[in-house]
$ cat final_38.pdb   # PDB, C-alpha atoms and all ligand atoms
MODEL        1
ATOM      1  CA  MET A1239      -4.268  21.279  10.355  1.00  0.00           C
ATOM      2  CA  THR A1240      -3.307  18.419   8.118  1.00  0.00           C
ATOM      3  CA  ARG A1241      -0.007  18.675   6.359  1.00  0.00           C
ATOM      4  CA  ARG A1242      -0.190  19.229   2.571  1.00  0.00           C
ATOM      5  CA  PHE A1243       1.950  17.303   0.094  1.00  0.00           C
ATOM      6  CA  GLU A1244       2.287  17.800  -3.620  1.00  0.00           C
ATOM      7  CA  ARG A1245       3.658  14.332  -4.217  1.00  0.00           C
ATOM      8  CA  GLY A1246       2.573  11.095  -2.622  1.00  0.00           C
ATOM      9  CA  VAL A1247       3.998   7.598  -2.521  1.00  0.00           C
ATOM     10  CA  PHE A1248       1.226   5.026  -2.199  1.00  0.00           C
ATOM     11  CA  LEU A1249       2.569   1.823  -0.715  1.00  0.00           C
ATOM     12  CA  ASP A1250       0.848  -1.517  -0.825  1.00  0.00           C
ATOM     13  CA  ARG A1251       1.133  -3.277   2.519  1.00  0.00           C
ATOM     14  CA  ASP A1252       1.308  -7.081   2.267  1.00  0.00           C
ATOM     15  CA  GLY A1253       4.305  -8.287   0.285  1.00  0.00           C
ATOM     16  CA  THR A1254       5.609  -4.726  -0.125  1.00  0.00           C
ATOM     17  CA  ILE A1255       6.101  -3.171   3.340  1.00  0.00           C
ATOM     18  CA  ILE A1256       5.710  -6.379   5.327  1.00  0.00           C
ATOM     19  CA  GLU A1257       6.047 -10.065   4.569  1.00  0.00           C
ATOM     20  CA  GLU A1258       3.091 -11.604   2.766  1.00  0.00           C
ATOM     21  CA  VAL A1259       1.551 -14.044   5.258  1.00  0.00           C
ATOM     22  CA  GLY A1260      -1.873 -14.618   3.752  1.00  0.00           C
ATOM     23  CA  TYR A1261      -4.661 -13.015   5.748  1.00  0.00           C
ATOM     24  CA  LEU A1262      -2.901 -11.079   8.506  1.00  0.00           C
ATOM     25  CA  ASP A1263      -5.232 -11.514  11.448  1.00  0.00           C
ATOM     26  CA  ARG A1264      -2.998 -10.678  14.434  1.00  0.00           C
ATOM     27  CA  PRO A1265      -0.764  -7.634  15.039  1.00  0.00           C
ATOM     28  CA  GLU A1266       1.997  -9.927  16.379  1.00  0.00           C
ATOM     29  CA  ARG A1267       2.385 -11.349  12.869  1.00  0.00           C
ATOM     30  CA  VAL A1268       3.565  -8.022  11.407  1.00  0.00           C
ATOM     31  CA  ASP A1269       6.993  -8.697   9.945  1.00  0.00           C
ATOM     32  CA  PHE A1270       8.777  -5.777   8.249  1.00  0.00           C
ATOM     33  CA  PHE A1271      11.328  -6.520   5.585  1.00  0.00           C
ATOM     34  CA  PRO A1272      14.808  -5.585   6.890  1.00  0.00           C
ATOM     35  CA  TRP A1273      14.944  -2.507   4.606  1.00  0.00           C
ATOM     36  CA  THR A1274      11.415  -1.203   5.160  1.00  0.00           C
ATOM     37  CA  ILE A1275      12.126   1.422   7.802  1.00  0.00           C
ATOM     38  CA  ASP A1276      15.133   2.851   5.915  1.00  0.00           C
ATOM     39  CA  ALA A1277      13.135   2.983   2.685  1.00  0.00           C
ATOM     40  CA  ILE A1278      10.216   4.839   4.262  1.00  0.00           C
ATOM     41  CA  ARG A1279      12.473   7.207   6.225  1.00  0.00           C
ATOM     42  CA  ALA A1280      14.181   8.231   2.957  1.00  0.00           C
ATOM     43  CA  LEU A1281      10.786   9.076   1.432  1.00  0.00           C
ATOM     44  CA  ASN A1282       9.808  11.043   4.562  1.00  0.00           C
ATOM     45  CA  ARG A1283      13.034  13.046   4.451  1.00  0.00           C
ATOM     46  CA  ALA A1284      12.506  13.914   0.789  1.00  0.00           C
ATOM     47  CA  GLY A1285       9.225  15.573   1.788  1.00  0.00           C
ATOM     48  CA  LEU A1286       6.948  13.092   0.051  1.00  0.00           C
ATOM     49  CA  GLY A1287       3.634  12.065   1.565  1.00  0.00           C
ATOM     50  CA  VAL A1288       3.726   8.354   2.361  1.00  0.00           C
ATOM     51  CA  PHE A1289       0.412   6.519   2.336  1.00  0.00           C
ATOM     52  CA  LEU A1290      -0.516   2.908   2.867  1.00  0.00           C
ATOM     53  CA  VAL A1291      -3.145   1.629   0.428  1.00  0.00           C
ATOM     54  CA  SER A1292      -4.282  -1.913   1.114  1.00  0.00           C
ATOM     55  CA  ASN A1293      -7.056  -4.271   0.022  1.00  0.00           C
ATOM     56  CA  GLN A1294      -8.249  -6.018   3.181  1.00  0.00           C
ATOM     57  CA  SER A1295     -11.008  -8.257   1.891  1.00  0.00           C
ATOM     58  CA  GLY A1296     -10.538 -10.455   4.965  1.00  0.00           C
ATOM     59  CA  ILE A1297     -12.961  -8.047   6.629  1.00  0.00           C
ATOM     60  CA  ALA A1298     -15.704  -8.648   4.033  1.00  0.00           C
ATOM     61  CA  ARG A1299     -14.956 -12.372   4.165  1.00  0.00           C
ATOM     62  CA  GLY A1300     -15.423 -12.426   7.940  1.00  0.00           C
ATOM     63  CA  PHE A1301     -11.864 -13.588   8.704  1.00  0.00           C
ATOM     64  CA  PHE A1302     -11.181 -10.612  11.000  1.00  0.00           C
ATOM     65  CA  ASP A1303     -12.746  -7.251  11.742  1.00  0.00           C
ATOM     66  CA  ALA A1304     -11.631  -3.701  11.033  1.00  0.00           C
ATOM     67  CA  HIS A1305     -10.409  -3.327  14.611  1.00  0.00           C
ATOM     68  CA  VAL A1306      -7.724  -5.958  13.956  1.00  0.00           C
ATOM     69  CA  VAL A1307      -6.563  -4.101  10.849  1.00  0.00           C
ATOM     70  CA  ASP A1308      -6.346  -0.885  12.873  1.00  0.00           C
ATOM     71  CA  GLN A1309      -4.293  -2.726  15.524  1.00  0.00           C
ATOM     72  CA  VAL A1310      -1.944  -4.010  12.827  1.00  0.00           C
ATOM     73  CA  HIS A1311      -1.460  -0.455  11.583  1.00  0.00           C
ATOM     74  CA  GLU A1312      -0.885   0.858  15.106  1.00  0.00           C
ATOM     75  CA  ARG A1313       1.821  -1.738  15.577  1.00  0.00           C
ATOM     76  CA  MET A1314       3.394  -0.783  12.257  1.00  0.00           C
ATOM     77  CA  ALA A1315       3.281   2.907  13.236  1.00  0.00           C
ATOM     78  CA  ASP A1316       5.039   2.156  16.543  1.00  0.00           C
ATOM     79  CA  MET A1317       7.765   0.150  14.817  1.00  0.00           C
ATOM     80  CA  LEU A1318       8.288   2.870  12.195  1.00  0.00           C
ATOM     81  CA  GLN A1319       8.397   5.595  14.820  1.00  0.00           C
ATOM     82  CA  ALA A1320      11.099   3.704  16.707  1.00  0.00           C
ATOM     83  CA  GLY A1321      13.145   3.873  13.501  1.00  0.00           C
ATOM     84  CA  GLY A1322      12.509   7.558  12.822  1.00  0.00           C
ATOM     85  CA  ALA A1323      10.058   6.914   9.967  1.00  0.00           C
ATOM     86  CA  HIS A1324       6.324   7.285   9.547  1.00  0.00           C
ATOM     87  CA  ILE A1325       3.379   6.670   7.246  1.00  0.00           C
ATOM     88  CA  ASP A1326       1.210   9.780   6.895  1.00  0.00           C
ATOM     89  CA  ALA A1327      -2.098   7.908   6.552  1.00  0.00           C
ATOM     90  CA  TYR A1328      -3.259   4.312   6.509  1.00  0.00           C
ATOM     91  CA  TYR A1329      -6.028   3.639   3.972  1.00  0.00           C
ATOM     92  CA  TYR A1330      -7.626   0.285   3.333  1.00  0.00           C
ATOM     93  CA  CYS A1331     -10.584  -1.206   1.538  1.00  0.00           C
ATOM     94  CA  PRO A1332     -12.672  -3.590   3.695  1.00  0.00           C
ATOM     95  CA  HIS A1333     -14.934  -4.672   0.824  1.00  0.00           C
ATOM     96  CA  HIS A1334     -15.272  -7.615  -1.516  1.00  0.00           C
ATOM     97  CA  PRO A1335     -18.152  -8.436  -3.863  1.00  0.00           C
ATOM     98  CA  ASP A1336     -18.130 -12.090  -2.703  1.00  0.00           C
ATOM     99  CA  GLY A1337     -17.850 -11.285   0.992  1.00  0.00           C
ATOM    100  CA  SER A1338     -19.989 -12.941   3.658  1.00  0.00           C
ATOM    101  CA  VAL A1339     -20.324  -9.888   5.924  1.00  0.00           C
ATOM    102  CA  ARG A1340     -23.315  -8.014   4.547  1.00  0.00           C
ATOM    103  CA  GLU A1341     -22.032  -4.536   5.401  1.00  0.00           C
ATOM    104  CA  PHE A1342     -18.888  -5.014   3.297  1.00  0.00           C
ATOM    105  CA  ALA A1343     -20.021  -7.479   0.617  1.00  0.00           C
ATOM    106  CA  ARG A1344     -20.285  -5.182  -2.357  1.00  0.00           C
ATOM    107  CA  VAL A1345     -18.586  -3.662  -5.333  1.00  0.00           C
ATOM    108  CA  CYS A1346     -16.910  -0.462  -4.173  1.00  0.00           C
ATOM    109  CA  GLU A1347     -14.841   2.447  -5.374  1.00  0.00           C
ATOM    110  CA  CYS A1348     -11.870   1.703  -3.136  1.00  0.00           C
ATOM    111  CA  ARG A1349     -10.742  -1.862  -3.872  1.00  0.00           C
ATOM    112  CA  LYS A1350      -7.506  -1.570  -5.852  1.00  0.00           C
ATOM    113  CA  PRO A1351      -7.105  -1.152  -8.798  1.00  0.00           C
ATOM    114  CA  ALA A1352     -10.041   1.246  -8.303  1.00  0.00           C
ATOM    115  CA  ARG A1353      -8.803   4.656  -7.267  1.00  0.00           C
ATOM    116  CA  GLY A1354     -10.861   5.423  -4.146  1.00  0.00           C
ATOM    117  CA  LEU A1355      -8.034   5.140  -1.614  1.00  0.00           C
ATOM    118  CA  VAL A1356      -5.870   7.536  -3.618  1.00  0.00           C
ATOM    119  CA  ASP A1357      -8.799   9.923  -3.899  1.00  0.00           C
ATOM    120  CA  ARG A1358      -8.943  10.077  -0.100  1.00  0.00           C
ATOM    121  CA  ALA A1359      -5.310  11.230   0.009  1.00  0.00           C
ATOM    122  CA  ILE A1360      -6.016  13.784  -2.717  1.00  0.00           C
ATOM    123  CA  ALA A1361      -8.900  15.157  -0.639  1.00  0.00           C
ATOM    124  CA  GLU A1362      -7.098  15.074   2.701  1.00  0.00           C
ATOM    125  CA  PHE A1363      -3.554  16.094   1.730  1.00  0.00           C
ATOM    126  CA  GLY A1364      -3.825  17.939  -1.606  1.00  0.00           C
ATOM    127  CA  ILE A1365      -1.786  15.299  -3.445  1.00  0.00           C
ATOM    128  CA  ASP A1366      -1.276  15.649  -7.192  1.00  0.00           C
ATOM    129  CA  PRO A1367      -1.586  12.043  -8.407  1.00  0.00           C
ATOM    130  CA  GLU A1368       0.256  12.761 -11.641  1.00  0.00           C
ATOM    131  CA  LYS A1369       3.332  13.667  -9.591  1.00  0.00           C
ATOM    132  CA  SER A1370       2.913  10.601  -7.398  1.00  0.00           C
ATOM    133  CA  PHE A1371       3.944   6.957  -7.260  1.00  0.00           C
ATOM    134  CA  VAL A1372       2.352   3.617  -6.419  1.00  0.00           C
ATOM    135  CA  VAL A1373       4.509   0.713  -5.228  1.00  0.00           C
ATOM    136  CA  GLY A1374       3.255  -2.830  -4.880  1.00  0.00           C
ATOM    137  CA  ASP A1375       3.860  -6.516  -5.494  1.00  0.00           C
ATOM    138  CA  ARG A1376       0.772  -7.121  -7.668  1.00  0.00           C
ATOM    139  CA  TRP A1377      -0.315  -5.920 -11.085  1.00  0.00           C
ATOM    140  CA  LEU A1378      -3.393  -4.449  -9.440  1.00  0.00           C
ATOM    141  CA  ASP A1379      -1.065  -1.995  -7.678  1.00  0.00           C
ATOM    142  CA  VAL A1380       0.388  -0.993 -11.029  1.00  0.00           C
ATOM    143  CA  GLY A1381      -3.204  -0.795 -12.288  1.00  0.00           C
ATOM    144  CA  LEU A1382      -3.960   1.696  -9.527  1.00  0.00           C
ATOM    145  CA  ALA A1383      -1.024   3.805 -10.725  1.00  0.00           C
ATOM    146  CA  GLN A1384      -2.405   3.699 -14.255  1.00  0.00           C
ATOM    147  CA  ALA A1385      -5.902   4.621 -12.992  1.00  0.00           C
ATOM    148  CA  VAL A1386      -4.648   7.835 -11.374  1.00  0.00           C
ATOM    149  CA  HIS A1387      -1.861   8.616 -13.901  1.00  0.00           C
ATOM    150  CA  ALA A1388       0.849   8.093 -11.303  1.00  0.00           C
ATOM    151  CA  LYS A1389       4.058   6.146 -11.870  1.00  0.00           C
ATOM    152  CA  GLY A1390       3.794   2.461 -10.965  1.00  0.00           C
ATOM    153  CA  VAL A1391       6.597   0.409  -9.469  1.00  0.00           C
ATOM    154  CA  LEU A1392       6.335  -3.371  -9.141  1.00  0.00           C
ATOM    155  CA  VAL A1393       8.518  -4.926  -6.433  1.00  0.00           C
ATOM    156  CA  ARG A1394       9.693  -8.549  -6.599  1.00  0.00           C
ATOM    157  CA  THR A1395       8.959  -9.256  -2.919  1.00  0.00           C
ATOM    158  CA  GLY A1396       5.687 -10.918  -1.884  1.00  0.00           C
ATOM    159  CA  TYR A1397       3.927 -12.127  -5.054  1.00  0.00           C
ATOM    160  CA  GLY A1398       6.044  -9.806  -7.195  1.00  0.00           C
ATOM    161  CA  GLU A1399       8.495 -12.291  -8.638  1.00  0.00           C
ATOM    162  CA  ARG A1400       5.607 -14.501  -9.743  1.00  0.00           C
ATOM    163  CA  GLU A1401       3.625 -11.494 -11.011  1.00  0.00           C
ATOM    164  CA  GLU A1402       6.567 -10.341 -13.123  1.00  0.00           C
ATOM    165  CA  GLN A1403       6.370 -13.610 -15.087  1.00  0.00           C
ATOM    166  CA  ARG A1404       2.721 -13.099 -16.023  1.00  0.00           C
ATOM    167  CA  ALA A1405       1.928  -9.524 -16.814  1.00  0.00           C
ATOM    168  CA  PRO A1406      -1.690  -9.098 -17.901  1.00  0.00           C
ATOM    169  CA  LYS A1407      -2.347  -7.521 -21.282  1.00  0.00           C
ATOM    170  CA  GLY A1408      -1.972  -3.751 -21.139  1.00  0.00           C
ATOM    171  CA  ALA A1409      -0.076  -3.784 -17.855  1.00  0.00           C
ATOM    172  CA  ALA A1410       3.032  -1.641 -17.890  1.00  0.00           C
ATOM    173  CA  ALA A1411       5.109  -0.785 -14.846  1.00  0.00           C
ATOM    174  CA  ASP A1412       7.362   2.254 -14.966  1.00  0.00           C
ATOM    175  CA  ALA A1413       9.922   0.215 -13.067  1.00  0.00           C
ATOM    176  CA  ILE A1414      10.306  -3.344 -11.775  1.00  0.00           C
ATOM    177  CA  VAL A1415      12.758  -3.554  -8.888  1.00  0.00           C
ATOM    178  CA  ASP A1416      13.806  -6.049  -6.251  1.00  0.00           C
ATOM    179  CA  ASN A1417      12.223  -4.501  -3.171  1.00  0.00           C
ATOM    180  CA  LEU A1418      10.931  -1.407  -1.394  1.00  0.00           C
ATOM    181  CA  VAL A1419      14.333   0.154  -0.794  1.00  0.00           C
ATOM    182  CA  ALA A1420      15.125  -0.113  -4.518  1.00  0.00           C
ATOM    183  CA  ALA A1421      11.692   1.371  -5.257  1.00  0.00           C
ATOM    184  CA  SER A1422      12.412   4.232  -2.877  1.00  0.00           C
ATOM    185  CA  SER A1423      15.744   4.937  -4.595  1.00  0.00           C
ATOM    186  CA  TRP A1424      14.072   4.806  -8.007  1.00  0.00           C
ATOM    187  CA  ILE A1425      11.420   7.274  -6.858  1.00  0.00           C
ATOM    188  CA  LEU A1426      13.959   9.674  -5.383  1.00  0.00           C
ATOM    189  CA  SER A1427      15.892   9.717  -8.657  1.00  0.00           C
ATOM    190  CA  ASN A1428      12.675  10.308 -10.654  1.00  0.00           C
ATOM    191  CA  ILE A1429      11.312  13.409  -8.921  1.00  0.00           C
TER     192      ILE A1429
HETATM  193 MG    MG A1501       0.581  -6.911  -1.830  1.00  0.00          MG
HETATM  194 ZN    ZN A1502     -13.695  -0.788  -0.913  1.00  0.00          ZN
ENDMDL
END

$ encode --input "final_38.pdb" --output "structure tokens"
Amino acid sequence: MTRRFERGVFLDRDGTIIEEVGYLDRPERVDFFPWTIDAIRALNRAGLGVFLVSNQSGIARGFFDAHVVDQVHERMADMLQAGGAHIDAYYYCPHHPDGSVREFARVCECRKPARGLVDRAIAEFGIDPEKSFVVGDRWLDVGLAQAVHAKGVLVRTGYGEREEQRAPKGAAADAIVDNLVAASSWILSNI
């Protein structure tokens, strides 16, 4: 039986958990920030569900296939496990309206800031989104938080420093912090 969690932390992948390297097309290119494993382990120990939520339009664009994304996530899971941490589920959107791969070239419900990936965690783990958090380096991650009435944390890693300088109208993060370990600390002091 799947574990149930009341609260979830939805983590963007590229630029938040791992270095932003453009389209990540090989598992060997996975590069955790030095604090990533500690940050995730602290969330695990606090009893929060930890979920990866990632837009992977490279699939729709034909740059790599879903199998490569799964391999990337398997590598991440191995590296986390070696550090005593884990992500409870890995969710990603393979779509993009301008994609070249017919199967994935469409508007969908799961490309952030749309809420579809969070809805999967609600269905599978019983998460209450209003008691949950979204962490990411783009305003669309904060937009996802707003869409599900979770708290949104913008990190300054990846595109975050640049994003901080140009907040779109109506965008409001609950916190803007330097990196994932600061986000994790902020979350743990706000539950
Ligand atoms: Mg990102
Ligand atoms: Zn999608």

$ resolve_selection --input "final_38.pdb" --expression "the PyMOL selection byres (((chain A and resi 1287) around 6) and not hetatm)" --output "ChimeraX atom specification"
/A:1243,1246,1286,1288

$ residues_near_ligand --input "final_38.pdb" --ligand "ligand MG 1501 (chain A)" --cutoff "12 Å" --atoms "all atoms listed in the file" --output "JSON, numbers by chain"
{"A": [1248, 1249, 1250, 1251, 1252, 1253, 1254, 1255, 1256, 1257, 1258, 1259, 1260, 1261, 1262, 1290, 1291, 1292, 1293, 1294, 1350, 1351, 1372, 1373, 1374, 1375, 1376, 1377, 1378, 1379, 1380, 1392, 1393, 1394, 1395, 1396, 1397, 1398, 1399, 1401, 1417, 1418]}

$ closest_residue --input "final_38.pdb" --among "A:Asp1303, A:Asp1308, A:Glu1347, A:Glu1341" --to "ligand ZN 1502 (chain A)" --atoms "only C-alpha atoms and all ligand atoms"
A:Glu1347

$ atom_distance --input "final_38.pdb" --atom1 "atom CA of Ile1325 of chain A" --atom2 "atom CA of Asn1282 of chain A"
8.2 Å

$ residues_near_ligand --input "final_38.pdb" --ligand "ligand ZN 1502 (chain A)" --cutoff "7 Å" --atoms "only C-alpha atoms and all ligand atoms" --output "list in words"
Cys1331, Pro1332, His1333, Cys1346, Glu1347, Cys1348 and Arg1349 of chain A

$ closest_residue --input "final_38.pdb" --among "A:Ser1370, A:Thr1274, A:Gln1309, A:Thr1240" --to "Ala1420 of chain A" --atoms "all atoms listed in the file"
A:Thr1274

$ resolve_selection --input "final_38.pdb" --expression "the PyMOL selection byres (((chain A and resi 1310) around 8) and not hetatm)" --output "MDAnalysis selection string"
chainID A and resid 1264:1266 1268 1306:1309 1311:1314

$ closest_residue --input "final_38.pdb" --among "A:Ala1388, A:Ala1359, A:Ala1323, A:Leu1318" --to "Ala1280 of chain A" --atoms "all atoms listed in the file"
A:Ala1323

$ atom_distance --input "final_38.pdb" --atom1 "atom CA of Gly1408 of chain A" --atom2 "atom CA of Ala1383 of chain A"
12.9 Å

$ closest_residue --input "final_38.pdb" --among "A:Arg1358, A:Arg1283, A:His1324, A:His1334" --to "Ile1297 of chain A" --atoms "all atoms listed in the file"
A:His1334

$ atom_distance --input "final_38.pdb" --atom1 "atom CA of Arg1279 of chain A" --atom2 "atom CA of Phe1363 of chain A"
18.9 Å
